[in-house]
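For reference, the structure discussed in these notes is given below.
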Amino acid sequence: MRQVALLRGINLGKHNRIPMAGLRELLARLGFDEAGTHLQSGNAVFSADISAAESERVISAGIAEEFGLDVPVVVRTRDELAAVVAADPLAEIAAVPAQYLVIFLSARPDPAVLAELDPAAFAPDEVRFGEREVYVWCPEGVRNSRVPQSWWERRLGVRATARNWTTVTRLLELANS
């Protein structure tokens with residue numbers, strides 16, 4: 001089955017450097033087929049015979065062994081990513097794809113914690129919650145967003161990695177090919 005791996009916090013400045021050619025080679029050595037990458041920010045598309053959760057563990061361990069880095073990895077199947085795109089709860093207002101983020105969560109957050117969050121408190125950003133995603137429209141730009149990715153991890157108690165809508169839809173295209 002086709003899967004998409006999203007690595008958090010790599011190739012940002014001088015830290016956590018992983019060359020994409022090296023990532024593709026690692027994925028092949030780990031037994032993943034048809035591995036490709038998109039951009040330099042840790043996006044990989046591949047075929048696997050194991051679950052997305054198992055792929056997360058295998059890739060994370062492989063990165064630690066190969067590159068000596070502790071990098072959070074979130075994996076979604078092609079079908080799960082297609083559902084994220086189909087849901088698109090902010091389609092009517094998210095006019096600039098680069099300012100529309102999907103924050104992919106490693107697990108479903110505690111519903112009680114989500115219930116405590118008031119989406120209006122994030123204004124001017126618009127926030128909607130999916131099953132294992134947070135959709136964020138940043139009308140003043142991503143850099144001016146009131147809530148950084150690290151906040152979501154702390155507040156929700158799960159790993160998180162964000163991609164803009166352009167990247168999300170491109171990854172789905174790659175997973176479909």
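Ordering of the structure tokens sets the chain letters (A, B, ...); residue numbers start at 1 within each chain; ligands are numbered from 1 in the order shown.
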
All residues 12 Å or closer to Gly62 (chain A), only C-alpha atoms, same chain fewer than 6 positions away omitted, as a PDB file with C-alpha atoms, in the first residue's frame:
ATOM      1  CA  GLY A  22      20.123   9.420   1.600  1.00  0.00           C
ATOM      2  CA  LEU A  23      16.540   9.168   2.851  1.00  0.00           C
ATOM      3  CA  ARG A  24      15.441   7.448  -0.366  1.00  0.00           C
ATOM      4  CA  GLU A  25      18.355   4.995  -0.092  1.00  0.00           C
ATOM      5  CA  LEU A  26      17.518   4.315   3.554  1.00  0.00           C
ATOM      6  CA  LEU A  27      13.866   3.640   2.727  1.00  0.00           C
ATOM      7  CA  ALA A  28      14.924   1.160   0.037  1.00  0.00           C
ATOM      8  CA  ARG A  29      17.288  -0.623   2.470  1.00  0.00           C
ATOM      9  CA  LEU A  30      14.489  -0.798   5.031  1.00  0.00           C
ATOM     10  CA  GLY A  31      12.361  -2.694   2.507  1.00  0.00           C
ATOM     11  CA  PHE A  32      10.116   0.071   1.239  1.00  0.00           C
ATOM     12  CA  SER A  55       6.369   2.134   9.090  1.00  0.00           C
ATOM     13  CA  GLU A  56       6.727   5.018  11.570  1.00  0.00           C
ATOM     14  CA  GLY A  68      22.226   9.494  14.426  1.00  0.00           C
ATOM     15  CA  LEU A  69      19.118  11.673  14.727  1.00  0.00           C
ATOM     16  CA  ASP A  70      16.002  11.371  16.852  1.00  0.00           C
ATOM     17  CA  VAL A  71      13.448  12.579  14.311  1.00  0.00           C
ATOM     18  CA  PRO A  72       9.702  12.259  14.898  1.00  0.00           C
ATOM     19  CA  VAL A  73       8.030  10.550  11.941  1.00  0.00           C
TER      20      VAL A  73
END

Strand (DSSP E or B) call set, DSSP backbone run, chain A, as a ChimeraX atom specification
/A:2-7,12,15,33-38,43-47,73-77,100-105,126-129,133-137,160-164

My list of candidates is A:Ile93, A:Leu174, A:Met20, A:Val4. Which is closest to Pro139 (chain A) when distances are computed with only C-alpha atoms?
A:Ile93

Among listed residues A:Ala48, A:Ile103, A:Leu39, A:Val84, nearest Arg159 (chain A) (using only C-alpha atoms)
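Of A:Ala48, A:Ile103, A:Leu39, A:Val84, the one nearest Arg159 (chain A) is A:Ile103, counting only C-alpha atoms.
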
Chain A: residues DSSP assigns to helix (DSSP H, G or I), reported as a ChimeraX atom specification
/A:20-29,52-67,78-87,97-99,111-116,119-122,142-144,149-156,165-176

Would you please work out which residue, of A:Ala53, A:Ile59, A:Ala162, A:Leu81, is nearest to Ser41 (chain A) when using only C-alpha atoms?
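Ranked by minimum distance to Ser41 (chain A), first place goes to A:Ala162.
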
Tell me, in Å to one decimal, how far CA of Gly13 (chain A) is from CA of Arg155 (chain A).
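Separating CA of Gly13 (chain A) from CA of Arg155 (chain A) is a distance of 25.9 Å.
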
Which residue out of A:Ala94, A:Val134, A:Met1, A:Ala83 has the minimum interatomic distance to Glu34 (chain A) when only C-alpha atoms are used?
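Nearest candidate to Glu34 (chain A) out of A:Ala94, A:Val134, A:Met1, A:Ala83: A:Met1.
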
May I ask which of the residues A:Asn164, A:Gln149, A:Gln99, A:Asn16 is the closest one to Ile63 (chain A), counting only C-alpha atoms?
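Once distances to Ile63 (chain A) are computed over only C-alpha atoms, the minimum belongs to A:Asn16.
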
Which of these, A:Ala160, A:Val147, A:Val136, A:Leu12, has the shortest distance to Ala91 (chain A) once you count only C-alpha atoms?
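The closest residue to Ala91 (chain A) is A:Val136.
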
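In this model, the gap between CA of Phe129 (chain A) and CA of Ser150 (chain A) comes to 16.5 Å.
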
Hey, what's within 12 Å of region 115-121 of chain A if we count only C-alpha atoms and toss same-chain stuff fewer than 4 positions away? As a list in words, please?
Pro109, Asp110, Pro111, Asp125, Glu126, Val127, Arg128, Phe129, Val134, Tyr135, Val136, Trp137, Arg146, Val147, Trp152, Arg155 and Leu156 of chain A

One number please: CA of Asp33 (chain A) to CA of Asp88 (chain A), in Å, one decimal.
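Pair CA of Asp33 (chain A) / CA of Asp88 (chain A) returns 29.3 Å.
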